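Colleague: Structure: entry-v2.csv, CSV, C-alpha atoms and all ligand atoms.
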```
chain,number,residue,atom,x,y,z
A,1145,MET,CA,0.0,0.0,0.0
A,1146,THR,CA,1.3,3.5,-0.9
A,1147,LYS,CA,1.6,6.2,1.7
A,1148,PHE,CA,-1.2,8.1,0.0
A,1149,GLU,CA,-3.5,5.1,0.2
A,1150,MET,CA,-2.6,4.5,3.9
A,1151,ASP,CA,-3.3,8.2,4.7
A,1152,LYS,CA,-6.6,8.0,3.0
A,1153,LEU,CA,-7.6,5.0,5.1
A,1154,ILE,CA,-6.4,6.7,8.3
A,1155,GLY,CA,-8.5,9.7,7.3
A,1156,LYS,CA,-11.6,7.5,7.0
A,1157,ALA,CA,-11.0,5.9,10.4
A,1158,GLU,CA,-10.6,9.4,11.9
A,1159,VAL,CA,-13.9,10.5,10.5
A,1160,LEU,CA,-15.6,7.5,12.1
A,1161,ILE,CA,-14.0,8.3,15.4
A,1162,GLU,CA,-15.1,11.9,15.2
A,1163,ALA,CA,-18.7,10.8,14.8
A,1164,LEU,CA,-18.6,8.6,17.9
A,1165,PRO,CA,-19.8,11.1,20.5
A,1166,TYR,CA,-22.7,12.0,18.3
A,1167,LEU,CA,-23.6,8.4,17.7
A,1168,ARG,CA,-23.7,7.9,21.5
A,1169,THR,CA,-26.0,10.9,22.0
A,1170,PHE,CA,-28.3,10.2,19.1
A,1171,ALA,CA,-28.7,6.4,19.3
A,1172,ASP,CA,-32.4,5.4,18.9
A,1173,LYS,CA,-33.4,9.1,18.6
A,1174,THR,CA,-36.0,10.2,16.0
A,1175,PHE,CA,-35.0,12.6,13.2
A,1176,VAL,CA,-37.8,14.0,11.0
A,1177,ILE,CA,-36.5,15.0,7.6
A,1178,LYS,CA,-38.5,17.1,5.2
A,1179,TYR,CA,-37.2,16.2,1.8
A,1180,GLY,CA,-37.8,18.7,-1.0
A,1181,GLY,CA,-36.5,21.3,-3.4
A,1182,GLN,CA,-33.5,20.7,-5.6
A,1183,ALA,CA,-32.4,17.6,-3.6
A,1184,MET,CA,-35.5,16.0,-5.1
A,1185,VAL,CA,-34.7,16.9,-8.6
A,1186,SER,CA,-30.9,16.4,-9.2
A,1187,GLN,CA,-30.0,12.7,-9.5
A,1188,GLU,CA,-26.7,13.2,-7.7
A,1189,LEU,CA,-28.3,15.0,-4.7
A,1190,LYS,CA,-31.2,12.5,-4.6
A,1191,LYS,CA,-28.7,9.7,-4.2
A,1192,SER,CA,-26.7,11.6,-1.6
A,1193,VAL,CA,-29.8,12.3,0.5
A,1194,MET,CA,-31.0,8.6,0.2
A,1195,MET,CA,-27.6,7.3,1.3
A,1196,ASP,CA,-27.5,9.7,4.3
A,1197,ILE,CA,-30.9,8.5,5.4
A,1198,ILE,CA,-30.0,4.8,5.0
A,1199,LEU,CA,-26.8,5.4,6.9
A,1200,LEU,CA,-28.6,7.1,9.7
A,1201,LYS,CA,-30.9,4.0,10.0
A,1202,TYR,CA,-28.0,1.6,9.9
A,1203,ILE,CA,-26.2,3.3,12.7
A,1204,GLY,CA,-29.2,3.2,15.0
A,1205,LEU,CA,-31.0,6.5,14.5
A,1206,ASN,CA,-34.7,6.6,13.4
A,1207,PRO,CA,-35.0,8.8,10.3
A,1208,ILE,CA,-38.6,9.6,9.3
A,1209,VAL,CA,-39.0,11.2,5.9
A,1210,VAL,CA,-41.8,13.7,4.9
A,1211,HIS,CA,-41.6,14.8,1.3
A,1212,GLY,CA,-42.9,17.6,-0.8
A,1213,GLY,CA,-43.5,17.6,-4.6
A,1214,GLY,CA,-45.6,20.6,-5.1
A,1215,SER,CA,-43.7,21.5,-8.3
A,1216,GLU,CA,-44.6,18.1,-9.8
A,1217,VAL,CA,-48.3,18.8,-9.0
A,1218,THR,CA,-48.0,22.2,-10.7
A,1219,HIS,CA,-46.3,20.5,-13.7
A,1220,LEU,CA,-49.2,18.0,-14.1
A,1221,MET,CA,-51.8,20.8,-13.8
A,1222,ASP,CA,-50.0,22.7,-16.5
A,1223,ARG,CA,-50.0,19.7,-18.8
A,1224,LEU,CA,-53.8,19.3,-18.2
A,1225,GLY,CA,-54.3,23.0,-18.9
A,1226,LYS,CA,-55.4,23.8,-15.3
A,1227,GLU,CA,-54.0,26.9,-13.6
A,1228,ALA,CA,-52.2,26.4,-10.3
A,1229,VAL,CA,-53.3,29.1,-7.9
A,1230,PHE,CA,-51.7,29.8,-4.5
A,1231,ALA,CA,-52.9,31.9,-1.6
A,1232,ASN,CA,-50.7,32.6,1.3
A,1233,GLY,CA,-48.3,30.0,-0.1
A,1234,LEU,CA,-50.9,27.3,-0.1
A,1235,ARG,CA,-52.4,25.7,-3.2
A,1236,VAL,CA,-56.1,26.6,-3.7
A,1237,THR,CA,-57.4,23.0,-4.0
A,1238,ASP,CA,-60.7,22.2,-5.6
A,1239,ALA,CA,-62.0,18.6,-5.8
A,1240,GLU,CA,-60.2,17.9,-9.1
A,1241,THR,CA,-57.0,19.5,-7.9
A,1242,MET,CA,-57.2,17.3,-4.8
A,1243,GLU,CA,-57.3,14.2,-7.0
A,1244,LEU,CA,-54.2,15.4,-8.9
A,1245,VAL,CA,-52.4,16.2,-5.6
A,1246,GLU,CA,-53.1,12.7,-4.3
A,1247,MET,CA,-52.2,11.0,-7.6
A,1248,VAL,CA,-48.9,12.9,-7.8
A,1249,LEU,CA,-47.7,12.9,-4.2
A,1250,VAL,CA,-49.0,9.6,-3.0
A,1251,GLY,CA,-49.0,7.6,-6.3
A,1252,LYS,CA,-45.8,8.9,-7.9
A,1253,VAL,CA,-43.5,11.0,-5.8
A,1254,ASN,CA,-43.9,8.8,-2.7
A,1255,LYS,CA,-43.3,5.5,-4.6
A,1256,GLU,CA,-40.3,7.0,-6.3
A,1257,ILE,CA,-38.6,7.8,-3.0
A,1258,VAL,CA,-39.5,4.4,-1.6
A,1259,SER,CA,-38.0,2.8,-4.6
A,1260,TYR,CA,-34.8,4.8,-4.3
A,1261,ILE,CA,-34.4,3.9,-0.6
A,1262,ASN,CA,-34.9,0.3,-1.4
A,1263,GLN,CA,-32.6,0.3,-4.4
A,1264,TYR,CA,-29.7,1.7,-2.2
A,1265,GLY,CA,-30.2,-0.9,0.5
A,1266,GLY,CA,-32.7,0.6,2.9
A,1267,LYS,CA,-36.2,-0.7,3.8
A,1268,GLY,CA,-38.5,2.2,2.8
A,1269,VAL,CA,-42.3,2.0,3.3
A,1270,GLY,CA,-44.5,4.7,1.8
A,1271,LEU,CA,-47.5,6.1,3.7
A,1272,SER,CA,-49.9,9.0,3.3
A,1273,GLY,CA,-51.8,10.6,6.1
A,1274,LYS,CA,-54.7,8.2,5.4
A,1275,ASP,CA,-52.7,5.1,6.4
A,1276,SER,CA,-53.9,4.1,9.8
A,1277,ASN,CA,-55.3,7.7,10.2
A,1278,LEU,CA,-51.7,9.0,10.5
A,1279,LEU,CA,-52.7,12.6,9.8
A,1280,VAL,CA,-56.3,13.5,10.7
A,1281,ALA,CA,-57.1,17.0,9.4
A,1282,SER,CA,-60.0,19.4,9.0
A,1283,ARG,CA,-60.7,21.8,6.2
A,1284,ARG,CA,-59.2,25.3,6.7
A,1285,PRO,CA,-61.8,27.9,7.0
A,1286,PRO,CA,-61.6,30.7,4.4
A,1287,GLU,CA,-58.8,33.0,5.3
A,1288,GLN,CA,-57.7,36.5,4.5
A,1289,LEU,CA,-55.1,37.0,1.8
A,1290,ASN,CA,-51.8,38.5,3.1
A,1291,GLY,CA,-51.5,42.0,1.8
A,1292,SER,CA,-55.1,42.6,0.4
A,1293,GLY,CA,-57.1,41.2,3.3
A,1294,GLN,CA,-59.5,39.6,0.7
A,1295,LEU,CA,-61.2,36.3,1.9
A,1296,VAL,CA,-60.2,33.2,0.0
A,1297,ASP,CA,-61.6,29.7,0.2
A,1298,LEU,CA,-58.7,27.2,-0.1
A,1299,GLY,CA,-61.0,24.3,-0.8
A,1300,TYR,CA,-59.6,20.9,0.2
A,1301,VAL,CA,-56.7,22.3,2.1
A,1302,GLY,CA,-56.4,20.8,5.6
A,1303,ASP,CA,-55.0,21.6,9.0
A,1304,ILE,CA,-53.8,18.7,11.1
A,1305,THR,CA,-56.0,18.1,14.1
A,1306,LYS,CA,-54.5,14.8,15.2
A,1307,VAL,CA,-51.5,12.7,14.5
A,1308,ASN,CA,-51.7,9.0,15.2
A,1309,PRO,CA,-48.0,8.0,15.2
A,1310,ASP,CA,-48.4,4.3,16.2
A,1311,VAL,CA,-47.8,3.1,12.7
A,1312,ILE,CA,-44.6,5.1,12.5
A,1313,HIS,CA,-43.3,3.6,15.8
A,1314,THR,CA,-44.2,0.1,14.6
A,1315,LEU,CA,-42.4,0.5,11.3
A,1316,SER,CA,-39.3,2.2,12.8
A,1317,ARG,CA,-38.9,-0.4,15.5
A,1318,GLN,CA,-38.9,-3.1,12.8
A,1319,GLY,CA,-36.1,-1.5,10.8
A,1320,TYR,CA,-38.2,0.3,8.2
A,1321,ILE,CA,-37.8,3.9,7.1
A,1322,PRO,CA,-41.3,5.6,6.9
A,1323,ILE,CA,-41.7,7.9,3.9
A,1324,ILE,CA,-44.7,10.1,4.2
A,1325,ALA,CA,-46.8,12.1,1.7
A,1326,SER,CA,-48.5,15.2,2.9
A,1327,VAL,CA,-52.1,14.1,2.2
A,1328,GLY,CA,-54.4,14.0,5.3
A,1329,VAL,CA,-57.7,12.5,6.0
A,1330,GLY,CA,-60.8,14.4,7.0
A,1331,LEU,CA,-63.5,13.1,9.4
A,1332,GLU,CA,-65.6,11.9,6.4
A,1333,GLY,CA,-62.7,10.0,5.0
A,1334,GLU,CA,-62.0,12.7,2.4
A,1335,SER,CA,-58.5,13.6,1.3
A,1336,LEU,CA,-57.1,16.9,2.4
A,1337,ASN,CA,-54.0,18.7,1.0
A,1338,ILE,CA,-51.5,19.8,3.6
A,1339,ASN,CA,-48.3,21.7,3.1
A,1340,ALA,CA,-45.4,19.3,3.6
A,1341,ASP,CA,-43.4,21.6,5.9
A,1342,HIS,CA,-46.4,21.8,8.2
A,1343,VAL,CA,-46.7,18.0,8.2
A,1344,ALA,CA,-43.1,17.6,9.1
A,1345,GLY,CA,-43.4,20.0,12.1
A,1346,GLU,CA,-46.6,18.3,13.4
A,1347,LEU,CA,-45.0,14.8,13.0
A,1348,ALA,CA,-41.8,15.9,14.7
A,1349,ALA,CA,-43.9,17.2,17.6
A,1350,ALA,CA,-46.1,14.1,17.8
A,1351,LEU,CA,-43.0,11.8,17.7
A,1352,ALA,CA,-41.1,13.9,20.3
A,1353,ALA,CA,-38.3,13.9,17.7
A,1354,GLU,CA,-34.8,14.9,18.6
A,1355,LYS,CA,-34.4,17.0,15.5
A,1356,LEU,CA,-36.5,18.4,12.7
A,1357,MET,CA,-34.5,19.0,9.5
A,1358,LEU,CA,-36.0,20.8,6.5
A,1359,LEU,CA,-34.1,20.6,3.3
A,1360,THR,CA,-34.4,23.6,1.0
A,1361,ASP,CA,-32.7,25.4,-1.9
A,1362,VAL,CA,-31.0,28.2,0.0
A,1363,GLU,CA,-28.2,28.1,2.6
A,1364,GLY,CA,-30.7,28.8,5.4
A,1365,ILE,CA,-32.5,32.0,6.6
A,1366,PHE,CA,-31.0,35.3,5.5
A,1367,ALA,CA,-31.4,38.5,7.6
A,1368,ASP,CA,-32.1,40.1,4.3
A,1369,PRO,CA,-33.8,37.7,1.8
A,1370,ASP,CA,-32.0,39.4,-1.1
A,1371,ASP,CA,-28.5,39.2,0.5
A,1372,PRO,CA,-27.1,35.7,0.5
A,1373,LYS,CA,-24.2,36.9,2.7
A,1374,SER,CA,-26.6,37.6,5.6
A,1375,LEU,CA,-27.1,33.9,6.7
A,1376,ILE,CA,-28.3,33.6,10.2
A,1377,SER,CA,-26.9,30.6,12.0
A,1378,SER,CA,-29.2,30.6,15.0
A,1379,LEU,CA,-32.7,32.3,15.0
A,1380,PRO,CA,-34.7,32.6,18.2
A,1381,ARG,CA,-38.5,32.3,18.0
A,1382,ALA,CA,-39.3,35.9,18.8
A,1383,LYS,CA,-36.9,37.2,16.1
A,1384,ALA,CA,-38.4,34.7,13.6
A,1385,LEU,CA,-41.9,36.0,14.3
A,1386,GLU,CA,-40.7,39.6,14.0
A,1387,MET,CA,-39.0,38.8,10.6
A,1388,ILE,CA,-42.3,37.2,9.3
A,1389,GLU,CA,-44.2,40.2,10.5
A,1390,GLU,CA,-41.8,42.6,8.7
A,1391,GLY,CA,-41.8,40.5,5.5
A,1392,LYS,CA,-38.1,39.6,5.9
A,1393,ILE,CA,-39.1,36.0,6.0
A,1394,ASN,CA,-41.6,35.4,3.2
A,1395,LYS,CA,-43.0,33.0,0.6
A,1396,GLY,CA,-41.9,29.3,1.0
A,1397,MET,CA,-39.8,30.1,4.1
A,1398,ILE,CA,-42.9,31.0,6.2
A,1399,PRO,CA,-44.2,27.4,6.5
A,1400,LYS,CA,-40.7,26.1,7.2
A,1401,VAL,CA,-40.3,28.5,10.1
A,1402,GLU,CA,-43.9,27.8,11.3
A,1403,SER,CA,-43.0,24.1,11.2
A,1404,CYS,CA,-39.9,24.6,13.3
A,1405,LEU,CA,-41.9,26.7,15.9
A,1406,THR,CA,-44.6,24.0,16.2
A,1407,ALA,CA,-42.0,21.3,16.7
A,1408,LEU,CA,-40.1,23.4,19.3
A,1409,GLU,CA,-43.3,24.2,21.2
A,1410,HIS,CA,-43.9,20.5,21.6
A,1411,GLY,CA,-40.5,19.6,23.0
A,1412,VAL,CA,-38.4,18.9,19.8
A,1413,GLN,CA,-34.9,19.6,20.8
A,1414,ARG,CA,-33.5,21.1,17.7
A,1415,THR,CA,-34.9,22.4,14.4
A,1416,HIS,CA,-32.8,23.2,11.3
A,1417,ILE,CA,-33.3,24.7,7.9
A,1418,VAL,CA,-30.6,23.0,5.8
A,1419,ASP,CA,-29.3,23.6,2.3
A,1420,GLY,CA,-30.3,20.5,0.4
A,1421,ARG,CA,-28.0,21.5,-2.5
A,1422,ILE,CA,-24.9,20.5,-0.5
A,1423,PRO,CA,-24.1,16.8,-0.9
A,1424,HIS,CA,-24.6,14.9,2.4
A,1425,SER,CA,-26.0,18.0,4.1
A,1426,LEU,CA,-27.9,15.8,6.6
A,1427,LEU,CA,-24.7,14.2,7.8
A,1428,LEU,CA,-22.9,17.5,8.0
A,1429,GLU,CA,-25.7,18.9,10.1
A,1430,ILE,CA,-25.9,15.9,12.5
A,1431,PHE,CA,-22.3,15.0,12.9
A,1432,THR,CA,-20.5,18.3,13.1
A,1433,ASP,CA,-20.4,20.8,16.0
A,1434,HIS,CA,-21.3,23.9,14.1
A,1435,GLY,CA,-23.8,22.2,11.7
A,1436,ILE,CA,-24.9,24.0,8.6
A,1437,GLY,CA,-27.8,26.2,7.7
A,1438,THR,CA,-30.1,28.0,10.3
A,1439,MET,CA,-31.1,26.5,13.6
A,1440,VAL,CA,-34.4,27.9,14.8
A,1441,THR,CA,-34.6,27.9,18.6
A,1442,GLY,CA,-37.4,28.2,21.1
A,1501,LIG,N1,-35.3,35.4,4.9
A,1501,LIG,C1,-35.2,34.4,4.0
A,1501,LIG,N2,-34.1,33.7,3.9
A,1501,LIG,C2,-34.0,32.8,2.9
A,1501,LIG,N3,-34.9,32.5,2.0
A,1501,LIG,C3,-36.1,33.1,2.1
A,1501,LIG,C4,-36.3,34.1,3.1
A,1501,LIG,N4,-37.6,34.6,2.9
A,1501,LIG,C5,-38.1,34.0,1.9
A,1501,LIG,N5,-37.2,33.1,1.3
A,1501,LIG,C6,-37.5,32.2,0.2
A,1501,LIG,O1,-37.9,30.9,0.6
A,1501,LIG,C7,-37.5,30.0,-0.4
A,1501,LIG,C8,-37.5,28.6,0.2
A,1501,LIG,O2,-38.8,28.1,0.2
A,1501,LIG,P1,-39.3,27.1,-1.0
A,1501,LIG,O3,-38.8,27.5,-2.3
A,1501,LIG,O4,-40.8,26.9,-0.8
A,1501,LIG,O5,-38.6,25.8,-0.5
A,1501,LIG,P2,-38.7,24.3,-0.9
A,1501,LIG,O6,-39.1,24.2,-2.4
A,1501,LIG,O7,-37.3,23.8,-0.6
A,1501,LIG,O8,-39.7,23.7,0.0
A,1501,LIG,C9,-36.1,30.5,-0.8
A,1501,LIG,O9,-35.7,30.1,-2.0
A,1501,LIG,C10,-36.4,32.0,-0.8
A,1501,LIG,O10,-36.8,32.5,-2.0
A,1502,LIG,C1,-51.7,23.0,0.8
A,1502,LIG,C2,-50.5,22.9,-0.1
A,1502,LIG,O1,-50.0,23.9,-0.6
A,1502,LIG,N1,-49.9,21.7,-0.3
A,1502,LIG,C3,-48.8,21.4,-1.1
A,1502,LIG,C4,-48.3,20.0,-0.8
A,1502,LIG,C5,-47.0,19.6,-1.4
A,1502,LIG,C6,-45.8,20.5,-0.8
A,1502,LIG,O2,-45.9,21.1,0.2
A,1502,LIG,O3,-44.7,20.4,-1.6
A,1502,LIG,P1,-43.4,21.3,-1.5
A,1502,LIG,O4,-42.8,21.0,-0.1
A,1502,LIG,O5,-42.5,20.7,-2.5
A,1502,LIG,O6,-43.8,22.7,-1.7
A,1502,LIG,C7,-49.1,21.6,-2.6
A,1502,LIG,O7,-50.2,21.3,-3.0
A,1502,LIG,O8,-48.1,22.0,-3.3
```
For the file at hand, write its structure as structure tokens.
Modeller:
Amino acid sequence: MTKFEMDKLIGKAEVLIEALPYLRTFADKTFVIKYGGQAMVSQELKKSVMMDIILLKYIGLNPIVVHGGGSEVTHLMDRLGKEAVFANGLRVTDAETMELVEMVLVGKVNKEIVSYINQYGGKGVGLSGKDSNLLVASRRPPEQLNGSGQLVDLGYVGDITKVNPDVIHTLSRQGYIPIIASVGVGLEGESLNINADHVAGELAAALAAEKLMLLTDVEGIFADPDDPKSLISSLPRAKALEMIEEGKINKGMIPKVESCLTALEHGVQRTHIVDGRIPHSLLLEIFTDHGIGTMVTG
């Protein structure tokens, strides 16, 4: 063996040893991961996220995956000549749109992720909120549009009223990785469309997760949304709410922050908004002292 090869091996061993204290701390703990954005589109990133999740499972942590896929729903709506309308960041969901949302998120996106996990050596099981009444929801009452104050009926958009996490515990204990699509079930058995970030926050809360990690397409939260040099590494709740109020946190970042705050309120230890464009961002977040992205704190 050359000196170069030997140094490379030693480097690998050192990486493992550095991870030891974290492994001890996190053994058997639950990590809710919201998978979305660019990491769901690029093949290379997709593989890196899947491998991270499988590795976490192998070393004794309990990763639970909630996925988005809103852009795929919009893409199908475009193909069918149906306009996608959003109000306060949520899709206005009539009965036909609800069918499309369920077809795309539960039928397509969920199964693709399950398939990837299984292909790379994990045991993925796909669920929606309907399975075993995992996510019981009720229809959102009409709400005022940010800015104009005009009332809008969001249709079949749901707010989670109850999480029944037994099925997740059962699967996790048996070595499976649950992969969850953000479609809930109403009291009449109807499907309801729920923002995937909100689902991740509610699930993390119900599972008393150690960490909630939301993958996105930016480095984290910026003090000024137009200035990528203004990354905030730790953001307390009060400041986060102030930034939403002032419009400095807006659009798709709002449900992410709300999701973190819900999780924190219910005892989740740490919540992170992480750049899913960085390969192995999940491992970097979990197994390094500084972590990456923005940590939202209680
Ligand atoms: N203060 C902020 N810091 C960073 N990004 C912000 C901020 N406010 C709004 N955003 C926007 O939020 C987006 C992330 O949300 P979104 O695109 O919905 O994420 P995803 O598709 O990963 O679920 C960023 O790309 C950015 O445009
Ligand atoms: C109510 C609502 O807006 N639901 C979302 C659910 C999917 C989602 O949240 O996907 P991303 O995380 O990729 O945005 C939607 O229909 O797009």
Colleague: Extract, using all atoms listed in the file, all DNA, RNA and protein residues at most 7 Å from stretch 1358-1365 of chain A, discarding same-chain residues fewer than 2 positions from it, and format them as a list in words.
Modeller: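 Skipping anything fewer than 2 positions along the chain leaves Ile1177, Lys1178, Tyr1179, Gly1180, Gly1181, Gln1182, Leu1356, Ala1367, Leu1375, Ile1376, His1416, Ile1417, Val1418, Asp1419, Gly1420, Arg1421, Gly1437 and Thr1438 of chain A.
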Colleague: With C-alpha atoms retained, export the selected residues as a tab-separated table (two decimals), in the frame of the given file.
Modeller:
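Ended up saving to selection-v7.tsv:
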```tsv
chain	number	residue	atom	x	y	z
A	1177	ILE	CA	-36.50	15.00	7.60
A	1178	LYS	CA	-38.50	17.10	5.20
A	1179	TYR	CA	-37.20	16.20	1.80
A	1180	GLY	CA	-37.80	18.70	-1.00
A	1181	GLY	CA	-36.50	21.30	-3.40
A	1182	GLN	CA	-33.50	20.70	-5.60
A	1356	LEU	CA	-36.50	18.40	12.70
A	1367	ALA	CA	-31.40	38.50	7.60
A	1375	LEU	CA	-27.10	33.90	6.70
A	1376	ILE	CA	-28.30	33.60	10.20
A	1416	HIS	CA	-32.80	23.20	11.30
A	1417	ILE	CA	-33.30	24.70	7.90
A	1418	VAL	CA	-30.60	23.00	5.80
A	1419	ASP	CA	-29.30	23.60	2.30
A	1420	GLY	CA	-30.30	20.50	0.40
A	1421	ARG	CA	-28.00	21.50	-2.50
A	1437	GLY	CA	-27.80	26.20	7.70
A	1438	THR	CA	-30.10	28.00	10.30
```
Colleague: Taking 2 positions as the minimum chain separation for residues in the same chain, which residues sit within 8 Å of stretch 1261-1273 of chain A when counting only C-alpha atoms? Answer as a tab-separated table (two decimals) with C-alpha atoms, keeping the file's coordinate frame.
Modeller:
```
chain	number	residue	atom	x	y	z
A	1194	MET	CA	-31.00	8.60	0.20
A	1195	MET	CA	-27.60	7.30	1.30
A	1198	ILE	CA	-30.00	4.80	5.00
A	1250	VAL	CA	-49.00	9.60	-3.00
A	1254	ASN	CA	-43.90	8.80	-2.70
A	1255	LYS	CA	-43.30	5.50	-4.60
A	1257	ILE	CA	-38.60	7.80	-3.00
A	1258	VAL	CA	-39.50	4.40	-1.60
A	1259	SER	CA	-38.00	2.80	-4.60
A	1275	ASP	CA	-52.70	5.10	6.40
A	1276	SER	CA	-53.90	4.10	9.80
A	1277	ASN	CA	-55.30	7.70	10.20
A	1278	LEU	CA	-51.70	9.00	10.50
A	1279	LEU	CA	-52.70	12.60	9.80
A	1280	VAL	CA	-56.30	13.50	10.70
A	1319	GLY	CA	-36.10	-1.50	10.80
A	1320	TYR	CA	-38.20	0.30	8.20
A	1321	ILE	CA	-37.80	3.90	7.10
A	1322	PRO	CA	-41.30	5.60	6.90
A	1323	ILE	CA	-41.70	7.90	3.90
A	1324	ILE	CA	-44.70	10.10	4.20
A	1325	ALA	CA	-46.80	12.10	1.70
A	1326	SER	CA	-48.50	15.20	2.90
A	1327	VAL	CA	-52.10	14.10	2.20
A	1328	GLY	CA	-54.40	14.00	5.30
A	1329	VAL	CA	-57.70	12.50	6.00
```
Colleague: My list of candidates is A:Gly1233, A:Gly1291, A:Gly1251, A:Pro1423. Which is closest to ligand LIG 1501 (chain A) when distances are computed with all atoms listed in the file?
Modeller: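 Ranked by minimum distance to ligand LIG 1501 (chain A), first place goes to A:Gly1233.
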Colleague: Between A:Leu1405, A:Val1185, A:Ile1338, A:Leu1289, which is the closest to ligand LIG 1502 (chain A) once you count only C-alpha atoms and all ligand atoms?
Modeller: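 Nearest candidate to ligand LIG 1502 (chain A) out of A:Leu1405, A:Val1185, A:Ile1338, A:Leu1289: A:Ile1338.
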Colleague: Report the distance between atom CA of A:Phe1170 and atom CA of A:Ile1197 in Å, rounded to one decimal place.
Modeller: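 Interatomic distance here is 14.0 Å.
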Colleague: At a cut-off of 10 Å around ligand LIG 1502 (chain A), and using only C-alpha atoms and all ligand atoms, what residues come up? Please write them as a ChimeraX atom specification.
Modeller: /A:1178-1182,1184,1210-1218,1228-1237,1241-1242,1244-1246,1248-1249,1284,1298-1303,1325-1327,1336-1344,1358-1360,1396,1399-1400
Colleague: Have a look at atom CA of A:Thr1415 and atom CA of A:Ala1348 and let me know their distance in Å, one decimal.
Modeller: 9.5 Å
Colleague: Give me the residues near A:Ile1203 as a PDB file with C-alpha atoms, in the frame of the given file, where near means some atom within 8 Å (using only C-alpha atoms) and where sequence neighbours in that chain fewer than 2 positions away do not count.
Modeller:
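Saved the output as out-v9.pdb:
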```pdb
ATOM      1  CA  LEU A1167     -23.600   8.400  17.700  1.00  0.00           C
ATOM      2  CA  ALA A1171     -28.700   6.400  19.300  1.00  0.00           C
ATOM      3  CA  LEU A1199     -26.800   5.400   6.900  1.00  0.00           C
ATOM      4  CA  LEU A1200     -28.600   7.100   9.700  1.00  0.00           C
ATOM      5  CA  LYS A1201     -30.900   4.000  10.000  1.00  0.00           C
ATOM      6  CA  LEU A1205     -31.000   6.500  14.500  1.00  0.00           C
TER       7      LEU A1205
END
```
Colleague: As a PDB file with C-alpha atoms, keeping the file's coordinate frame, please: the residues near A:Thr1406 (cut-off 8 Å, all atoms listed in the file, same-chain neighbours under 5 positions excluded).
Modeller:
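out12.pdb written:
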```pdb
ATOM      1  CA  GLY A1345     -43.400  20.000  12.100  1.00  0.00           C
ATOM      2  CA  GLU A1346     -46.600  18.300  13.400  1.00  0.00           C
ATOM      3  CA  ALA A1349     -43.900  17.200  17.600  1.00  0.00           C
TER       4      ALA A1349
END
```
Colleague: Could you give me, as an MDAnalysis selection string, the residues within 9 Å of A:Pro1380, counting only C-alpha atoms and dropping anything in the same chain fewer than 5 positions from it?
Modeller: chainID A and resid 1385 1439:1442
Colleague: Could you tell me which of A:Ile1208, A:Ile1436, A:Val1311, A:Ala1183 comes closest to ligand LIG 1501 (chain A) if we count all atoms listed in the file?
Modeller: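 Between A:Ile1208, A:Ile1436, A:Val1311, A:Ala1183, the residue approaching ligand LIG 1501 (chain A) most closely is A:Ala1183.
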Colleague: Find, counting all atoms listed in the file, the residue in A:Ile1398, A:Val1412, A:Ile1312, A:Ala1407 that gets nearest to ligand LIG 1501 (chain A).
Modeller: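 When distances to ligand LIG 1501 (chain A) are compared using all atoms listed in the file, the smallest one comes from A:Ile1398.
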Colleague: Would you please work out which residue, of A:Glu1227, A:Ser1292, A:Arg1414, A:His1313, is nearest to A:Gly1435 when using all atoms listed in the file?
Modeller: A:Arg1414
Colleague: How far is it from atom CA of A:Ala1157 to atom CA of A:Phe1175, in Å with one decimal?
Modeller: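 Between atom CA of A:Ala1157 and atom CA of A:Phe1175 the gap works out to 25.1 Å.
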Colleague: Looking at A:Leu1295, A:Ile1422, A:Ile1161, A:Ala1352, which one is nearest to A:Lys1190, with distances taken over all atoms listed in the file?
Modeller: A:Ile1422
Colleague: Output file request: stretch 1218-1237 of chain A, with C-alpha atoms, as an mmCIF file, in the first residue's frame.
Modeller:
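Final file, selection.cif:
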```cif
data_model
loop_
_atom_site.group_PDB
_atom_site.id
_atom_site.type_symbol
_atom_site.label_atom_id
_atom_site.label_comp_id
_atom_site.auth_asym_id
_atom_site.auth_seq_id
_atom_site.Cartn_x
_atom_site.Cartn_y
_atom_site.Cartn_z
ATOM 1 C CA THR A 1218 -48.040 22.163 -10.720
ATOM 2 C CA HIS A 1219 -46.305 20.537 -13.687
ATOM 3 C CA LEU A 1220 -49.164 18.029 -14.133
ATOM 4 C CA MET A 1221 -51.757 20.791 -13.761
ATOM 5 C CA ASP A 1222 -49.960 22.734 -16.523
ATOM 6 C CA ARG A 1223 -50.042 19.695 -18.794
ATOM 7 C CA LEU A 1224 -53.773 19.335 -18.175
ATOM 8 C CA GLY A 1225 -54.342 23.033 -18.872
ATOM 9 C CA LYS A 1226 -55.354 23.769 -15.289
ATOM 10 C CA GLU A 1227 -54.001 26.902 -13.639
ATOM 11 C CA ALA A 1228 -52.240 26.432 -10.291
ATOM 12 C CA VAL A 1229 -53.327 29.130 -7.856
ATOM 13 C CA PHE A 1230 -51.685 29.776 -4.497
ATOM 14 C CA ALA A 1231 -52.945 31.901 -1.628
ATOM 15 C CA ASN A 1232 -50.690 32.646 1.338
ATOM 16 C CA GLY A 1233 -48.271 30.029 -0.063
ATOM 17 C CA LEU A 1234 -50.929 27.267 -0.086
ATOM 18 C CA ARG A 1235 -52.426 25.677 -3.179
ATOM 19 C CA VAL A 1236 -56.069 26.551 -3.740
ATOM 20 C CA THR A 1237 -57.374 22.988 -3.986
#
```
